[in-house]
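To be precise, the following lines are query.csv, and they hold CSV, C-alpha atoms.
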chain,number,residue,atom,x,y,z
Y,1,MET,CA,-16.2,-8.9,2.3
Y,2,GLY,CA,-14.0,-5.8,2.7
Y,3,LYS,CA,-15.7,-2.4,2.3
Y,4,PRO,CA,-19.4,-2.3,2.8
Y,5,ARG,CA,-21.4,-1.6,-0.3
Y,6,PRO,CA,-22.6,2.0,-0.1
Y,7,GLN,CA,-26.1,3.2,-0.6
Y,8,LYS,CA,-26.7,5.0,-3.9
Y,9,LYS,CA,-27.8,8.6,-3.9
Y,10,LYS,CA,-28.9,10.8,-6.7
Y,11,SER,CA,-25.8,12.1,-8.3
Y,12,SER,CA,-25.2,15.8,-8.0
Y,13,LYS,CA,-24.4,17.2,-11.4
Y,14,SER,CA,-22.4,20.1,-10.0
Y,15,ARG,CA,-20.2,17.6,-8.1
Y,16,ALA,CA,-19.8,15.3,-11.1
Y,17,LYS,CA,-18.7,18.2,-13.2
Y,18,SER,CA,-16.2,19.4,-10.6
Y,19,VAL,CA,-14.7,15.9,-10.3
Y,20,LEU,CA,-14.6,14.9,-13.9
Y,21,GLY,CA,-14.5,18.1,-15.9
Y,22,PRO,CA,-11.6,20.4,-16.6
Y,23,GLY,CA,-13.3,23.4,-14.9
Y,24,GLY,CA,-12.1,24.9,-11.7
Y,25,SER,CA,-8.9,26.8,-11.2
Y,26,VAL,CA,-5.9,25.7,-9.2
Y,27,SER,CA,-4.8,28.3,-6.6
Y,28,LYS,CA,-1.3,29.7,-6.7
Y,29,HIS,CA,-0.6,28.0,-3.4
Y,30,LYS,CA,-1.5,24.6,-4.8
Y,31,MET,CA,0.6,25.4,-7.9
Y,32,ALA,CA,3.6,25.6,-5.6
Y,33,GLN,CA,3.0,22.1,-4.3
Y,34,THR,CA,3.5,18.8,-6.1
Y,35,PRO,CA,0.4,16.6,-6.9
Y,36,THR,CA,1.6,14.1,-4.3
Y,37,GLU,CA,1.6,16.7,-1.6
Y,38,ILE,CA,-1.9,17.9,-2.6
Y,39,LEU,CA,-3.2,14.3,-2.6
Y,40,ASP,CA,-1.7,13.8,0.9
Y,41,GLN,CA,-3.7,16.8,2.0
Y,42,ALA,CA,-6.9,15.5,0.4
Y,43,THR,CA,-6.4,12.1,2.1
Y,44,ILE,CA,-6.1,13.8,5.5
Y,45,LEU,CA,-9.2,15.9,4.8
Y,46,LEU,CA,-11.1,12.7,3.9
Y,47,GLN,CA,-9.9,10.9,7.0
Y,48,THR,CA,-10.9,13.8,9.3
Y,49,GLY,CA,-14.4,14.1,7.8
Y,50,ARG,CA,-13.9,17.2,5.7
Y,51,VAL,CA,-15.2,15.4,2.6
Y,52,GLU,CA,-16.2,18.4,0.5
Y,53,GLU,CA,-12.8,20.0,1.0
Y,54,ALA,CA,-11.1,16.6,0.2
Y,55,LEU,CA,-13.1,16.5,-3.1
Y,56,GLU,CA,-11.9,19.9,-4.2
Y,57,THR,CA,-8.3,19.3,-3.2
Y,58,ALA,CA,-8.2,15.9,-4.9
Y,59,GLN,CA,-9.7,17.4,-8.1
Y,60,GLN,CA,-6.9,20.0,-8.1
Y,61,ALA,CA,-4.3,17.2,-7.9
Y,62,LEU,CA,-6.0,15.5,-10.9
Y,63,GLU,CA,-5.8,18.6,-13.0
Y,64,LEU,CA,-2.0,18.9,-12.3
Y,65,THR,CA,-1.3,15.5,-13.7
Y,66,ASN,CA,-1.8,13.5,-16.9
Y,67,GLY,CA,-1.6,9.9,-18.2
Y,68,ASN,CA,-0.8,7.2,-15.6
Y,69,ALA,CA,0.2,9.9,-13.1
Y,70,GLN,CA,-3.6,10.5,-12.7
Y,71,LEU,CA,-4.1,7.1,-11.1
Y,72,PRO,CA,-3.7,8.1,-7.4
Y,73,ALA,CA,-6.0,11.1,-7.8
Y,74,LEU,CA,-8.7,9.0,-9.7
Y,75,ASN,CA,-8.7,6.3,-7.0
Y,76,LEU,CA,-8.9,8.9,-4.2
Y,77,LEU,CA,-11.7,10.8,-6.0
Y,78,GLY,CA,-13.6,7.5,-6.3
Y,79,GLU,CA,-13.4,6.9,-2.6
Y,80,ILE,CA,-14.4,10.4,-1.8
Y,81,ASN,CA,-17.4,10.2,-4.0
Y,82,VAL,CA,-18.4,6.9,-2.4
Y,83,GLU,CA,-18.3,8.7,1.0
Y,84,LEU,CA,-20.5,11.4,-0.5
Y,85,GLY,CA,-23.0,8.9,-1.9
Y,86,GLU,CA,-22.2,9.9,-5.5
Y,87,ILE,CA,-22.0,6.3,-6.7
Y,88,ASP,CA,-22.2,7.0,-10.5
Y,89,THR,CA,-19.4,9.5,-10.3
Y,90,ALA,CA,-17.3,7.2,-8.1
Y,91,ARG,CA,-17.8,4.4,-10.6
Y,92,GLU,CA,-16.7,6.7,-13.4
Y,93,CYS,CA,-13.5,7.6,-11.5
Y,94,PHE,CA,-12.6,3.9,-11.0
Y,95,LEU,CA,-13.4,3.0,-14.6
Y,96,ARG,CA,-11.1,5.8,-15.7
Y,97,ALA,CA,-8.4,4.3,-13.5
Y,98,VAL,CA,-8.9,0.9,-15.0
Y,99,GLN,CA,-8.3,2.4,-18.5
Y,100,LEU,CA,-4.9,3.4,-17.3
Y,101,ASP,CA,-4.1,0.1,-15.5
Y,102,LEU,CA,-6.0,-2.6,-17.3
Y,103,ASP,CA,-4.6,-5.6,-15.3
Y,104,GLY,CA,-3.6,-4.0,-12.1
Y,105,SER,CA,0.1,-4.5,-12.9
Y,106,ILE,CA,1.2,-0.9,-12.0
Y,107,PRO,CA,2.5,-0.8,-8.4
Y,108,GLU,CA,0.2,0.5,-5.7
Y,109,SER,CA,2.8,3.2,-4.9
Y,110,GLU,CA,2.0,4.7,-8.3
Y,111,GLY,CA,-1.8,4.3,-7.9
Y,112,GLY,CA,-2.1,0.9,-9.6
Y,113,GLY,CA,-3.0,-2.5,-8.1
Y,114,ALA,CA,-6.2,-4.3,-7.2
Y,115,GLU,CA,-8.2,-1.7,-5.2
Y,116,LYS,CA,-10.1,-0.1,-8.1
Y,117,PHE,CA,-11.3,-3.5,-9.2
Y,118,MET,CA,-12.6,-4.3,-5.7
Y,119,TRP,CA,-14.5,-1.1,-5.6
Y,120,LEU,CA,-16.1,-1.7,-9.0
Y,121,ALA,CA,-17.2,-5.2,-7.9
Y,122,GLN,CA,-19.0,-3.6,-4.9
Y,123,LEU,CA,-20.4,-0.7,-6.9
Y,124,SER,CA,-21.7,-2.9,-9.8
Y,125,GLU,CA,-25.2,-2.2,-10.7
Y,126,GLN,CA,-25.7,-5.6,-12.3
Y,127,GLY,CA,-24.1,-7.6,-9.5
Y,128,GLY,CA,-23.8,-11.3,-10.0
Y,129,VAL,CA,-21.5,-12.2,-12.9
Y,130,ASP,CA,-20.4,-8.5,-13.3
Y,131,SER,CA,-19.3,-8.3,-9.7
Y,132,VAL,CA,-17.5,-11.6,-10.0
Y,133,GLN,CA,-15.6,-10.5,-13.1
Y,134,TRP,CA,-14.3,-7.4,-11.3
Y,135,PHE,CA,-13.4,-9.3,-8.2
Y,136,GLU,CA,-11.5,-11.8,-10.4
Y,137,LYS,CA,-9.5,-8.9,-11.9
Y,138,GLY,CA,-8.6,-7.8,-8.4
Y,139,VAL,CA,-7.7,-11.3,-7.3
Y,140,SER,CA,-5.4,-11.7,-10.4
Y,141,SER,CA,-3.7,-8.5,-9.5
Y,142,LEU,CA,-3.2,-9.5,-5.9
Y,143,ARG,CA,-1.7,-12.9,-7.0
Y,144,GLN,CA,0.8,-11.1,-9.2
Y,145,THR,CA,1.8,-8.8,-6.3
Y,146,LEU,CA,2.2,-11.8,-3.9
Y,147,GLN,CA,4.3,-13.6,-6.4
Y,148,SER,CA,6.6,-10.6,-6.7
Y,149,LEU,CA,7.0,-10.6,-2.9
Y,150,GLU,CA,7.9,-14.3,-2.6
Y,151,GLY,CA,11.3,-14.8,-1.0
Y,152,LYS,CA,11.6,-11.2,0.3
Y,153,THR,CA,12.3,-11.0,4.0
Y,154,SER,CA,12.4,-7.4,4.9
Y,155,ALA,CA,9.8,-6.3,7.6
Y,156,GLU,CA,8.1,-4.0,5.1
Y,157,ASP,CA,7.8,-6.7,2.4
Y,158,VAL,CA,6.5,-9.3,5.0
Y,159,ALA,CA,3.9,-6.9,6.2
Y,160,ASN,CA,2.9,-6.0,2.7
Y,161,ALA,CA,2.5,-9.7,1.8
Y,162,GLU,CA,0.3,-10.3,4.8
Y,163,GLU,CA,-1.9,-7.3,3.9
Y,164,LYS,CA,-2.2,-8.6,0.3
Y,165,LYS,CA,-3.1,-12.1,1.6
Y,166,THR,CA,-5.9,-10.7,3.7
Y,167,LYS,CA,-7.3,-8.7,0.8
Y,168,LEU,CA,-7.0,-11.8,-1.4
Y,169,ALA,CA,-8.9,-14.0,1.0
Y,170,ASN,CA,-11.6,-11.4,1.5
Y,171,ALA,CA,-12.1,-11.0,-2.3
Y,172,LEU,CA,-12.2,-14.8,-2.7
Y,173,CYS,CA,-14.9,-15.0,0.1
Y,174,ALA,CA,-16.8,-12.2,-1.5
Y,175,VAL,CA,-17.0,-14.2,-4.8
Y,176,ALA,CA,-18.0,-17.3,-2.8
Y,177,GLU,CA,-20.8,-15.4,-1.2
Y,178,ILE,CA,-22.1,-14.4,-4.6
Y,179,TYR,CA,-22.1,-18.0,-5.7
Y,180,MET,CA,-24.1,-18.9,-2.6
Y,181,THR,CA,-26.7,-16.2,-3.4
Y,182,ASP,CA,-27.0,-14.4,-6.8
Y,183,LEU,CA,-25.4,-17.3,-8.7
Y,184,SER,CA,-26.5,-20.2,-6.7
Y,185,TRP,CA,-28.3,-21.6,-9.7
Y,186,GLU,CA,-25.0,-22.1,-11.6
Y,187,GLU,CA,-24.2,-25.8,-12.1
Y,188,ASP,CA,-20.7,-25.3,-10.8
Y,189,ALA,CA,-21.6,-23.0,-7.9
Y,190,GLU,CA,-20.8,-25.5,-5.1
Y,191,ALA,CA,-17.5,-26.5,-6.8
Y,192,ARG,CA,-16.6,-22.8,-7.2
Y,193,CYS,CA,-17.3,-22.1,-3.6
Y,194,GLU,CA,-15.2,-25.0,-2.4
Y,195,SER,CA,-12.2,-23.9,-4.6
Y,196,LEU,CA,-12.5,-20.3,-3.5
Y,197,ILE,CA,-12.7,-21.0,0.3
Y,198,THR,CA,-9.8,-23.5,0.0
Y,199,GLU,CA,-7.6,-20.8,-1.4
Y,200,ALA,CA,-8.8,-18.2,1.1
Y,201,ILE,CA,-8.1,-20.5,4.0
Y,202,ALA,CA,-4.6,-21.3,2.6
Y,203,ALA,CA,-3.9,-17.5,2.4
Y,204,THR,CA,-5.2,-16.6,5.9
Y,205,PRO,CA,-5.9,-19.7,8.0
Y,206,GLU,CA,-6.4,-17.6,11.2
Y,207,ALA,CA,-8.9,-15.0,9.9
Y,208,PRO,CA,-12.3,-15.0,11.8
Y,209,GLU,CA,-14.2,-13.6,8.8
Y,210,ILE,CA,-12.8,-16.3,6.4
Y,211,LEU,CA,-13.8,-19.0,8.9
Y,212,GLN,CA,-17.3,-17.5,9.0
Y,213,THR,CA,-17.5,-17.8,5.2
Y,214,LEU,CA,-16.4,-21.4,5.5
Y,215,ALA,CA,-19.1,-22.0,8.0
Y,216,SER,CA,-21.7,-20.5,5.7
Y,217,ILE,CA,-20.6,-22.8,2.9
Y,218,ARG,CA,-20.8,-25.8,5.2
Y,219,ILE,CA,-24.3,-24.8,6.3
Y,220,SER,CA,-25.4,-24.7,2.7
Y,221,GLN,CA,-24.0,-28.2,2.3
Y,222,LEU,CA,-25.8,-29.4,5.4
Y,223,ARG,CA,-22.4,-30.2,7.0
Y,224,THR,CA,-23.5,-28.8,10.4
Y,225,GLU,CA,-20.8,-30.2,12.6
Y,226,GLU,CA,-18.0,-28.8,10.3
Y,227,ALA,CA,-19.8,-25.4,10.4
Y,228,GLN,CA,-19.9,-25.5,14.2
Y,229,ALA,CA,-16.2,-26.3,14.4
Y,230,ALA,CA,-15.4,-23.4,12.0
Y,231,LEU,CA,-17.5,-20.9,14.0
Y,232,LYS,CA,-16.1,-22.0,17.3
Y,233,LYS,CA,-12.5,-21.5,16.0
Y,234,SER,CA,-13.5,-18.1,14.6
Y,235,VAL,CA,-14.7,-17.0,18.0
Y,236,SER,CA,-11.7,-18.4,19.8
Y,237,LEU,CA,-9.4,-16.2,17.8
Y,238,TRP,CA,-10.7,-12.9,19.4
Y,239,LYS,CA,-13.0,-13.6,22.3
Y,240,ASP,CA,-10.3,-12.9,24.9
Y,241,LEU,CA,-9.0,-9.7,23.3
Y,242,ALA,CA,-9.9,-6.2,24.3
Y,243,PRO,CA,-12.7,-4.5,22.2
Y,244,GLU,CA,-10.2,-2.0,20.7
Y,245,ASP,CA,-7.8,-4.8,19.5
Y,246,PRO,CA,-7.6,-4.7,15.7
Y,247,LYS,CA,-7.9,-8.4,15.5
Y,248,VAL,CA,-11.5,-8.2,16.8
Y,249,PRO,CA,-13.8,-8.4,13.8
Y,250,ASP,CA,-16.0,-5.4,13.0
Y,251,PHE,CA,-19.4,-5.0,14.6
Y,252,PRO,CA,-21.4,-6.1,11.5
Y,253,VAL,CA,-19.2,-9.2,11.1
Y,254,ARG,CA,-20.0,-10.3,14.6
Y,255,ILE,CA,-23.7,-9.6,14.1
Y,256,SER,CA,-23.4,-12.1,11.2
Y,257,LEU,CA,-21.5,-14.4,13.4
Y,258,ALA,CA,-24.3,-14.4,16.0
Y,259,ARG,CA,-26.8,-15.3,13.3
Y,260,LEU,CA,-24.6,-18.2,12.0
Y,261,LEU,CA,-24.1,-19.5,15.6
Y,262,MET,CA,-27.9,-19.5,16.1
Y,263,GLU,CA,-28.4,-21.2,12.8
Y,264,VAL,CA,-26.2,-24.2,13.9
Y,265,THR,CA,-27.8,-24.4,17.3
Y,266,LEU,CA,-24.9,-22.8,19.3
Y,267,GLU,CA,-27.2,-20.4,21.2
Y,268,PHE,CA,-25.0,-20.0,24.3
Y,269,GLU,CA,-22.1,-19.0,22.1
Y,270,ALA,CA,-24.3,-16.6,20.1
Y,271,LEU,CA,-25.6,-15.0,23.3
Y,272,GLU,CA,-22.0,-14.4,24.6
Y,273,VAL,CA,-21.2,-12.7,21.3
Y,274,LEU,CA,-24.3,-10.6,21.5
Y,275,GLU,CA,-23.8,-9.6,25.1
Y,276,ARG,CA,-20.3,-8.3,24.2
Y,277,LEU,CA,-21.8,-6.4,21.2
Y,278,ILE,CA,-24.4,-4.7,23.5
Y,279,LEU,CA,-21.6,-3.6,25.9
Y,280,GLU,CA,-19.9,-2.0,22.9
Y,281,ASP,CA,-23.0,-0.4,21.5
Y,282,ASP,CA,-26.3,-0.5,23.4
Y,283,GLN,CA,-28.1,1.3,20.6
Y,284,SER,CA,-27.9,-1.6,18.2
Y,285,VAL,CA,-31.5,-2.7,17.3
Y,286,GLU,CA,-30.3,-5.9,15.6
Y,287,ALA,CA,-28.1,-7.0,18.6
Y,288,TRP,CA,-31.0,-6.6,21.1
Y,289,TYR,CA,-33.4,-8.4,18.7
Y,290,LEU,CA,-31.0,-11.3,18.0
Y,291,GLY,CA,-30.4,-11.7,21.8
Y,292,GLY,CA,-34.1,-11.9,22.4
Y,293,TRP,CA,-34.6,-14.4,19.6
Y,294,CYS,CA,-31.6,-16.4,20.9
Y,295,LEU,CA,-33.1,-16.6,24.4
Y,296,HIS,CA,-36.4,-17.6,22.9
Y,297,LEU,CA,-34.7,-20.5,21.0
Y,298,LEU,CA,-33.1,-21.6,24.3
Y,299,ALA,CA,-36.6,-21.5,25.9
Y,300,GLU,CA,-37.8,-23.9,23.2
Y,301,LYS,CA,-35.0,-26.3,24.2
Y,302,GLN,CA,-36.0,-26.0,27.9
Y,303,GLU,CA,-32.6,-24.3,28.6
Y,304,ALA,CA,-31.4,-21.1,30.1
Y,305,PRO,CA,-28.1,-19.3,30.9
Y,306,LYS,CA,-27.3,-19.9,34.5
Y,307,ASP,CA,-27.1,-16.3,35.5
Y,308,ILE,CA,-30.7,-15.5,34.5
Y,309,GLN,CA,-32.3,-18.3,36.5
Y,310,GLU,CA,-32.5,-16.6,39.9
Y,311,ASP,CA,-35.2,-18.8,41.4
Y,312,GLU,CA,-34.4,-22.5,41.9
Y,313,ASN,CA,-38.0,-23.3,41.5
Y,314,GLU,CA,-38.2,-21.4,38.2
Y,315,SER,CA,-38.1,-23.6,35.1
Y,316,PRO,CA,-35.3,-22.8,32.5
Y,317,ARG,CA,-37.9,-22.2,29.9
Y,318,HIS,CA,-39.7,-19.5,32.0
Y,319,ALA,CA,-36.4,-17.8,32.8
Y,320,SER,CA,-35.3,-17.7,29.2
Y,321,LEU,CA,-38.7,-16.4,28.1
Y,322,VAL,CA,-38.6,-13.5,30.7
Y,323,ALA,CA,-35.1,-12.5,29.5
Y,324,SER,CA,-36.1,-12.9,25.9
Y,325,ARG,CA,-39.0,-10.5,26.3
Y,326,GLU,CA,-36.7,-7.9,27.9
Y,327,TRP,CA,-34.2,-8.0,25.1
Y,328,LEU,CA,-37.0,-7.9,22.4
Y,329,LYS,CA,-38.8,-5.0,24.0
Y,330,GLN,CA,-35.5,-3.1,24.2
Y,331,SER,CA,-35.1,-3.8,20.5
Y,332,LEU,CA,-38.6,-2.5,19.7
Y,333,LYS,CA,-38.0,0.6,21.8
Y,334,LEU,CA,-34.8,1.4,19.9
Y,335,TYR,CA,-36.6,0.5,16.6
Y,336,GLU,CA,-39.0,3.4,17.2
Y,337,LYS,CA,-36.4,5.8,18.7
Y,338,LEU,CA,-33.9,5.3,15.8
Y,339,GLU,CA,-36.6,5.0,13.1
Y,340,TYR,CA,-35.1,1.7,12.0
Y,341,GLU,CA,-36.4,0.4,8.7
Y,342,ASP,CA,-36.3,-3.4,8.9
Y,343,GLU,CA,-40.0,-4.1,9.2
Y,344,ARG,CA,-39.5,-7.9,9.1
Y,345,LEU,CA,-37.3,-7.6,12.2
Y,346,ARG,CA,-40.0,-5.5,14.0
Y,347,ASP,CA,-42.8,-7.9,13.0
Y,348,HIS,CA,-40.9,-10.9,14.2
Y,349,ALA,CA,-40.0,-9.3,17.5
Y,350,LEU,CA,-43.6,-8.3,18.1
Y,351,GLU,CA,-44.8,-11.8,17.3
Y,352,LEU,CA,-42.3,-13.3,19.8
Y,353,VAL,CA,-43.3,-10.8,22.5
Y,354,GLN,CA,-47.0,-11.5,22.0
Y,355,GLY,CA,-46.4,-15.2,22.2
Y,356,ILE,CA,-44.5,-14.8,25.5
Y,357,ASP,CA,-47.2,-12.7,27.0
Y,358,GLN,CA,-49.8,-15.3,26.1
Y,359,GLU,CA,-47.7,-18.0,27.8
Y,360,ILE,CA,-46.4,-16.4,30.9
Y,361,GLY,CA,-48.6,-13.3,31.3
Y,362,GLU,CA,-47.9,-9.7,30.5
Y,363,ASP,CA,-44.9,-8.0,32.1
Y,364,MET,CA,-46.2,-6.6,35.5
Y,365,ASP,CA,-43.5,-3.9,35.5
Y,366,ASP,CA,-44.8,-2.6,32.2
Y,367,SER,CA,-48.4,-2.6,33.5
Y,368,GLU,CA,-47.4,-0.7,36.7
Y,369,ALA,CA,-45.5,1.9,34.7
Y,370,GLU,CA,-48.4,2.4,32.3
Y,371,GLY,CA,-50.7,2.7,35.3
Y,372,GLU,CA,-48.5,5.5,36.7
Y,373,GLY,CA,-48.4,7.3,33.4
Y,374,GLU,CA,-44.7,6.5,32.9
Y,375,ASP,CA,-43.0,5.3,29.8
Y,376,TRP,CA,-41.3,1.9,30.0
Y,377,ASP,CA,-37.6,2.6,29.7
Y,378,GLY,CA,-36.8,-0.9,28.7
Y,379,GLU,CA,-33.2,-0.6,29.9
Y,380,ILE,CA,-31.4,-3.9,30.6
Y,381,ASP,CA,-28.2,-3.8,32.8
Y,382,ILE,CA,-25.9,-6.1,30.9
Y,383,GLU,CA,-22.9,-4.9,33.0
Y,384,SER,CA,-24.5,-6.4,36.1
Y,385,ASP,CA,-23.7,-9.8,34.7
Y,386,GLU,CA,-20.0,-9.1,34.1
Y,387,GLU,CA,-18.9,-11.4,36.9
Y,388,ASP,CA,-20.8,-14.3,35.3
Y,389,HIS,CA,-19.5,-13.7,31.8
Y,390,GLU,CA,-15.8,-13.6,31.1
Y,391,MET,CA,-16.4,-12.0,27.8
Y,392,ALA,CA,-17.6,-8.8,29.5
Y,393,ASP,CA,-14.2,-8.5,31.2
Y,394,SER,CA,-12.5,-8.3,27.8

Could I get this structure in the form of structure tokens?
Amino acid sequence: MGKPRPQKKKSSKSRAKSVLGPGGSVSKHKMAQTPTEILDQATILLQTGRVEEALETAQQALELTNGNAQLPALNLLGEINVELGEIDTARECFLRAVQLDLDGSIPESEGGGAEKFMWLAQLSEQGGVDSVQWFEKGVSSLRQTLQSLEGKTSAEDVANAEEKKTKLANALCAVAEIYMTDLSWEEDAEARCESLITEAIAATPEAPEILQTLASIRISQLRTEEAQAALKKSVSLWKDLAPEDPKVPDFPVRISLARLLMEVTLEFEALEVLERLILEDDQSVEAWYLGGWCLHLLAEKQEAPKDIQEDENESPRHASLVASREWLKQSLKLYEKLEYEDERLRDHALELVQGIDQEIGEDMDDSEAEGEGEDWDGEIDIESDEEDHEMADS
């Protein structure tokens, strides 16, 4: 959970030296500023996409400090190098920060806290046990912080506590996911998952992402009805909110949600989620693919969404197959256009389209377009169904 794990690139020796070595002079202008002011500038540069400038500025701040005062600069340099794809250098920055704050007890305002541990968990080359150990260090730090905030009622302290609870719950779920995958062979894996998700739910009972992790655990335990209930509650927390509302989960989280809904045979709910995703980003190969697959699953159940069954004499299966083929072909078109790299997705989409063609005949619109020497544009007007789908209005 939390930040996505970045892709590793070959480290640039020149960049690594500029970040971690003493070389490089500090301008007279920077000398007149405090390290905190320089770091604030570096943060703004990073947030506005001027990453190379942020790197140089943060390095200058690091050179003006020593001891524990270097913590803020090291953490920022770690994040900048993640953005640049310099994973080895980023890891070294965070490891240096750990040496200055071994248990995360230094306040975040001074560059301490849990964040460096969370990054190291995500950047771990070994994964598995190593990632869990870093996450656990972060969790321990967050628990300490939350304990220190108990009983405090100021608006700032309450907001801080809520933020830490969210980070805690996300870290606990990240560990649970490791025990469901890399460490699933551990004898106590199921018990660990149960303990982790219980604490996460207690920390943030109304968090969609946490409820999705709960559903994943219940699916692995073959407790399908409980998984369905968790997913339905997860969707209910944001489905009526506007797309820009911060409570709406990130796009990748909702892609995972759609997969989970399909896994527990909630295809109509999954399709509503996917239609909303397409309205937000009609260039998502995976969203189009999942929509096509979802409609194919409905066809297998002799069912169809009401809005796609235009002819009363048309069977639900046929209506769903036609719609499925449209979604899948749009996915395949975008796959080629965007040079997508998931070959298994492409192969499955092609297999489904070929099966549909064999059952109901090839798409006549495609054949006519090919006969006229035109390319099939594959566009599907999702917005035309807005009146039939309340989700589109949000």

One decimal, Å: what's the distance from CA of Ala299 in chain Y over to CA of Ser320 in chain Y, could you say?
->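 Straight-line distance from CA of Ala299 in chain Y to CA of Ser320 in chain Y works out to 5.2 Å.
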
With all atoms listed in the file as the atoms that count, which of Y:Val98, Y:Leu123, Y:Leu298, Y:Ala169 lies nearest to Arg317 in chain Y?
-> Y:Leu298

If we count all atoms listed in the file, what is near Arg50 in chain Y at a cut-off of 12 Å, once residues fewer than 5 positions away on the same chain are taken out, given as a ChimeraX atom specification?
-> /Y:41-45,55-57,80,83-84

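CA of Cys294 in chain Y to CA of Leu237 in chain Y spans 22.4 Å [interatomic distance, one decimal].
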
Between Y:Thr166, Y:Thr89, Y:Gln147, Y:Asn68, which has the minimum distance to Ser109 in chain Y (counting only C-alpha atoms)?
->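 Looking at the shortest contact to Ser109 in chain Y, the residue is Y:Asn68.
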
For Lys301 in chain Y, please output as a list in words all residues within 12 Å (counting only C-alpha atoms; exclusion window: fewer than 5 positions along the same chain).
->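 My reading of the contact set: Thr265, Leu266, Glu267, Phe268, Cys294, Leu295, His296, Ser315, Pro316, Arg317, His318, Ser320 and Leu321 of chain Y.
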
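Separating CA of Glu177 in chain Y from CA of Ile217 in chain Y is a distance of 8.5 Å.
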
Write out as an mmCIF file with C-alpha atoms, keeping the file's coordinate frame which residues come within 10 Å of Glu108 in chain Y when counting all atoms listed in the file, dropping same-chain ones fewer than 5 positions away.
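In the end it all went to around_1.cif:
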data_model
loop_
_atom_site.group_PDB
_atom_site.id
_atom_site.type_symbol
_atom_site.label_atom_id
_atom_site.label_comp_id
_atom_site.auth_asym_id
_atom_site.auth_seq_id
_atom_site.Cartn_x
_atom_site.Cartn_y
_atom_site.Cartn_z
ATOM 1 C CA LEU Y 71 -4.100 7.100 -11.100
ATOM 2 C CA PRO Y 72 -3.700 8.100 -7.400
ATOM 3 C CA GLY Y 113 -3.000 -2.500 -8.100
ATOM 4 C CA ALA Y 114 -6.200 -4.300 -7.200
ATOM 5 C CA GLU Y 115 -8.200 -1.700 -5.200
ATOM 6 C CA THR Y 145 1.800 -8.800 -6.300
#

Identify which of the residues Y:Ala203, Y:Ala171, Y:Val51, Y:Ile278 lies closest to Leu146 in chain Y, counting only C-alpha atoms when measuring atom-to-atom distances.
->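 Of the candidates, the smallest distance to Leu146 in chain Y is held by Y:Ala203.
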
Nearest to Arg223 in chain Y: which of Y:Leu338, Y:Ala90, Y:Val264, Y:Ala174 is it, counting all atoms listed in the file?
-> Y:Val264

Tell me which of Y:Arg254, Y:Arg192, Y:Arg96, Y:Lys167 sits closest to Ala73 in chain Y, counting only C-alpha atoms.
->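 Ranked by minimum distance to Ala73 in chain Y, first place goes to Y:Arg96.
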
Mind listing whatever residues come within 7 Å of the point (-7.5, -8.8, -14.6)? Use all atoms listed in the file, file coordinates, and give them as a list in words.
->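 Answer for this query, in the requested form: Leu102, Asp103, Gly104, Glu136, Lys137, Gly138, Ser140 and Ser141 of chain Y.
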